[in-house]
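Trainee: Quick one: this structure, given as structure tokens, is what I'll be asking you about.
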Amino acid sequence: MEPFTGLTPGEAAARAMEDTPQHPTVNRDPKSHTKSVGRILCENALTVFNLVNLVLAICVISVGAPIKNILFMGIVLMNLAIGVVQELRARAVVEKLTLLADAPVRVLRGGVETPLPRTEIVLGDTLRLHTGERVPCDCRILDGACEADASALTGESVPETPDVGEMLWAGSFLTSGSVYAEATGVGSACRMAAIAASAKESKLAPSEIMRTLNRVISVLAAAIIPVGAVLMWQQLRLQDFSLAVVNVTAALIGMIPEGLMLLTSTVFAVGVIRLSKYRVLVRELASIESLARVNLLCLDKTGTITSGEMEFSTLIPMTDAEDAARALRMLTFALDDDSATFSAIRRWGIRRERTPCELYPATVKMPFSSRTKRSGAAFGDVAYVLGAPEWLMPHLDITPYYENGQLRPDARVLLLVRCAHLPDGDAPVEHPVPVALVALRDQVRETAKETFSFFLREGVGLRVISGDNPVTVSQVAARAGIPHAERYIDASTLESRSDVLAAAERYTVFGRVTPERKRELVEAFRLLGFTTAMTGDGVNDVPALREADCGIAMASGTDAARAVAKLVLLDSNFDALPKVVAEGRRCINNLQRSASLFLVKTMYATVFAVLFALVPWAYPFVPIQLTLVSTTTIGIPSFLLALGPNRERVSGRFLENVLRRSLPGAVSAVVTVTAAQLLGTSLTPAQLSSVCVLCLGLAGIATILRTCMPFDRVRAAIFIGMTAAFCAGYFGFPDFFELCAVPPAWYLAAVLATAAVFTLTDRAVFLIHRAFARTGEK
């Protein structure tokens, strides 16, 4: 290599002073795609749910009520802490991965080779890059030879062999050789930065559960002001100001499913902890739900289906088979080449070698050259050269080997020739004799077939989107067990968005896909009604990762891919995804069971707030009575149900599923309490209050029964235990819960009325749902 001096320290400092956002001269990182700490705090703290609870707490404090009456704010703070801590933890892990990936770069300053952080490289710097190193910025090769893997940008798995004067792009890495290169594009001017900028920033995971809960809270928050004002006016006519404020606050707090918000965050947080055991980083709590609802998984080929390494496929002898195999082993072990190509051949050679490699000493070695696309070694009076067939023997026709099936379309083919001596410089090989064709191919991950079989069994469709040759991608997909892999298309032939939409409906494998086209394909799948997940590890995957409902990145991938993904596989182990799906299903199905208990209370509390605001009845409940009902029929059973095992498929919409379970309980509570108010004129206020508490408890127990069906040991124990707990509190500690005895006939009437109303309502809801389902099918 020629000697280079690079910039002087003074010139480098001057270049750094010229740096501007519009014309970068320093290799600074572009704007981070991860959320700032301030944004994380704001997004979790500034919500309608928190605002409503804060206002109600201030009202209670302002009238001098005991501090125990604002304990509901503990739920708000716990919910806030869970969300903030999880997002900050995920942010710290992603930044740590980025730091670990930043190795110093050898830069020539005034003729002295100095290791510098990549963020201190300036425009015009001379870099020295070796095998295994990542290219830190766009640069032009000044001298040397190398093989570069740019799959993170292009999706092409075949390494490039750029010549002197050609470009090495930021984000690619050297698989063999070493070069001197001049930095021509730094910071935001890099090609990689331009692609990553198209994603702008990470997008919130589309959680149906959180979206539904926020919508419910927003509606209730709008209703709280007028309902609270009228209820306050009505209660002031019946009791003093301080007691009215506390009771009205109790009524309004009951309208908000605050326990459900905490339960949702807790269940997702437990899911995150469980997944961390499988080395899966969840960036946002709701991402677990997103993947559990996915019904289409979009896969990048390189680094996802394949391991990123090559494997030996076949050796096609053109002379004696043993001689051909021995010649290939001799050459492979003689050269100090750690490229993916030679590593794959060397692994094959180790398995077949019977003779010690030291018995084949090379007298002359010819390292790989990107200009001539070949490498070789001489062993006394014979030499062997390995390289691209079209460069070694341009007139050799290897088409028949494809036609008879000896070579597959996805193979990377090299030619091994024998000659008398190695060529000088760039001169052609003199009188080459073909010895063998060597076929290599992308190595499919060992667990790929098993993982894809899981998704297919669970009704999740598979699509492969790659920047590589469509025929190659199709062959790899077929080896990985992806059905209909023969349905492939060259995405570069798609001209309009309508073409993309039509292709998304028809094909399974998409090749020659640009980063923007990947995003358009994911968008097309979503327009077709699919809930999509996208896997990837390169900068070229970033726009699609952001567009997908759930983006999944490999930890070994680029910073930009990890920053916009919702899930990061820390071991880059794709077979962890089934565990993520299973955990998501456990969370969602159990939350749907538990949410019905909370929404029973929300619905009857809302109706009661309106009812007692319009009718001159004293509010029949005090906070301690509602604590008994809430604890035994909502709080404890909901958490027990939410953390149990559940591998059922996710079906239907969250709100629809929850309402079907909760509506009978809410209607039972409203009807029986209203009937008690109308018919209990002979009862004392304390007796009437006790009857109303019993009606709420029975409605809650009936809802637990409906939610626990079908019974297993755990659910049966929950139902029996909570029924016993409510009865123990109601009949065993009447003074503590401010209850009293009532005529026996009222106990029987409450049980029969609750059973009748619940059964009739549950049947009506079932028939209405079935009628709508049949209408939808038609």
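Every chain in the structure tokens has a letter given in the order shown (A, B, ...), and although residue numbers restart at 1 in each chain, ligands are simply numbered from 1 in the order shown.
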I want to know what sits within 10 Å of Val667 of chain A, based on only C-alpha atoms, with residues of the same chain fewer than 6 positions away left out; could you give that as a list in words?
Mentor: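 The contact residues come out as Val600, Met603, Tyr604, Val607, Val673, Ala699, Thr754, Val757, Phe758, Thr761 and Asp762 of chain A.
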Trainee: Would you export the selected residues with N, CA, C and O atoms as a PDB file, in the first residue's frame, please?
Mentor:
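Output file out-v4.pdb is given in full below:
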```pdb
ATOM      1  N   VAL A 600     -67.824  -3.524  35.370  1.00  0.00           N
ATOM      2  CA  VAL A 600     -69.101  -3.667  36.085  1.00  0.00           C
ATOM      3  C   VAL A 600     -69.255  -2.496  37.051  1.00  0.00           C
ATOM      4  O   VAL A 600     -70.295  -1.807  37.085  1.00  0.00           O
ATOM      5  N   MET A 603     -69.678   0.940  35.207  1.00  0.00           N
ATOM      6  CA  MET A 603     -71.015   1.157  34.624  1.00  0.00           C
ATOM      7  C   MET A 603     -72.060   1.441  35.694  1.00  0.00           C
ATOM      8  O   MET A 603     -72.843   2.383  35.582  1.00  0.00           O
ATOM      9  N   TYR A 604     -72.073   0.627  36.772  1.00  0.00           N
ATOM     10  CA  TYR A 604     -73.114   0.898  37.771  1.00  0.00           C
ATOM     11  C   TYR A 604     -72.808   2.170  38.552  1.00  0.00           C
ATOM     12  O   TYR A 604     -73.729   2.891  38.970  1.00  0.00           O
ATOM     13  N   VAL A 607     -74.100   5.049  36.398  1.00  0.00           N
ATOM     14  CA  VAL A 607     -75.567   5.121  36.438  1.00  0.00           C
ATOM     15  C   VAL A 607     -76.036   5.665  37.787  1.00  0.00           C
ATOM     16  O   VAL A 607     -76.942   6.514  37.853  1.00  0.00           O
ATOM     17  N   VAL A 673     -80.470  -2.560  43.093  1.00  0.00           N
ATOM     18  CA  VAL A 673     -80.327  -1.424  44.001  1.00  0.00           C
ATOM     19  C   VAL A 673     -81.483  -0.444  43.821  1.00  0.00           C
ATOM     20  O   VAL A 673     -82.041   0.081  44.813  1.00  0.00           O
ATOM     21  N   ALA A 699     -73.992  -9.087  42.634  1.00  0.00           N
ATOM     22  CA  ALA A 699     -73.739  -8.824  41.209  1.00  0.00           C
ATOM     23  C   ALA A 699     -72.270  -9.076  40.869  1.00  0.00           C
ATOM     24  O   ALA A 699     -71.950  -9.642  39.811  1.00  0.00           O
ATOM     25  N   THR A 754     -81.051 -10.936  41.883  1.00  0.00           N
ATOM     26  CA  THR A 754     -79.761 -10.844  41.187  1.00  0.00           C
ATOM     27  C   THR A 754     -79.600 -11.992  40.201  1.00  0.00           C
ATOM     28  O   THR A 754     -79.175 -11.793  39.050  1.00  0.00           O
ATOM     29  N   VAL A 757     -82.096 -11.407  37.127  1.00  0.00           N
ATOM     30  CA  VAL A 757     -81.702 -10.310  36.235  1.00  0.00           C
ATOM     31  C   VAL A 757     -80.400 -10.652  35.508  1.00  0.00           C
ATOM     32  O   VAL A 757     -80.265 -10.417  34.309  1.00  0.00           O
ATOM     33  N   PHE A 758     -79.443 -11.226  36.232  1.00  0.00           N
ATOM     34  CA  PHE A 758     -78.150 -11.569  35.616  1.00  0.00           C
ATOM     35  C   PHE A 758     -78.333 -12.595  34.501  1.00  0.00           C
ATOM     36  O   PHE A 758     -77.781 -12.456  33.396  1.00  0.00           O
ATOM     37  N   THR A 761     -80.213 -11.047  31.449  1.00  0.00           N
ATOM     38  CA  THR A 761     -79.342 -10.099  30.727  1.00  0.00           C
ATOM     39  C   THR A 761     -78.235 -10.828  29.982  1.00  0.00           C
ATOM     40  O   THR A 761     -77.917 -10.509  28.831  1.00  0.00           O
ATOM     41  N   ASP A 762     -77.625 -11.822  30.632  1.00  0.00           N
ATOM     42  CA  ASP A 762     -76.547 -12.585  29.996  1.00  0.00           C
ATOM     43  C   ASP A 762     -77.058 -13.292  28.743  1.00  0.00           C
ATOM     44  O   ASP A 762     -76.384 -13.298  27.699  1.00  0.00           O
TER      45      ASP A 762
END
```
Trainee: One decimal, in Å: what's the spacing between atom CA of Ala750 of chain A and atom CA of Val691 of chain A?
Mentor: 7.6 Å
Trainee: Using only C-alpha atoms, which residues sit within 9 Å of Arg517 of chain A once same-chain residues fewer than 6 positions away are excluded, as a PDB file with N, CA and C atoms, in the first residue's frame?
Mentor:
```pdb
ATOM      1  N   ALA A 491     -39.562  -6.496  -6.833  1.00  0.00           N
ATOM      2  CA  ALA A 491     -40.290  -5.275  -6.448  1.00  0.00           C
ATOM      3  C   ALA A 491     -39.855  -4.058  -7.240  1.00  0.00           C
ATOM      4  N   SER A 492     -38.693  -4.131  -7.904  1.00  0.00           N
ATOM      5  CA  SER A 492     -38.262  -2.988  -8.718  1.00  0.00           C
ATOM      6  C   SER A 492     -39.150  -2.800  -9.945  1.00  0.00           C
ATOM      7  N   VAL A 500     -48.221  -1.939  -5.910  1.00  0.00           N
ATOM      8  CA  VAL A 500     -47.744  -2.465  -4.630  1.00  0.00           C
ATOM      9  C   VAL A 500     -48.877  -3.168  -3.889  1.00  0.00           C
ATOM     10  N   ALA A 544     -39.689   0.466   7.354  1.00  0.00           N
ATOM     11  CA  ALA A 544     -40.690  -0.591   7.505  1.00  0.00           C
ATOM     12  C   ALA A 544     -40.893  -0.959   8.968  1.00  0.00           C
TER      13      ALA A 544
END
```
Trainee: Nearest to Arg519 of chain A among A:Val580, A:Ala548, A:Thr493, A:Pro115, with distances taken over only C-alpha atoms: which residue is it?
Mentor: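 With only C-alpha atoms as the atom set, the closest residue is A:Ala548.
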Trainee: Quick one: residues within 10 Å of His421 of chain A, only C-alpha atoms, excluding same-chain residues fewer than 4 positions away - as a list in words?
Mentor: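 Near neighbours after the sequence-gap exclusion: Val364, Gly376, Ala377, Ala378, Phe379, Gly380, Asp381, Val382, Ala383, Tyr384, Val385, Val429, Glu430, His431 and Pro432 of chain A.
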Trainee: Counting only C-alpha atoms, which residue out of A:Val245, A:Ala388, A:Val227, A:Val135 sits closest to Leu614 of chain A?
Mentor: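 Closest candidate: A:Val227.
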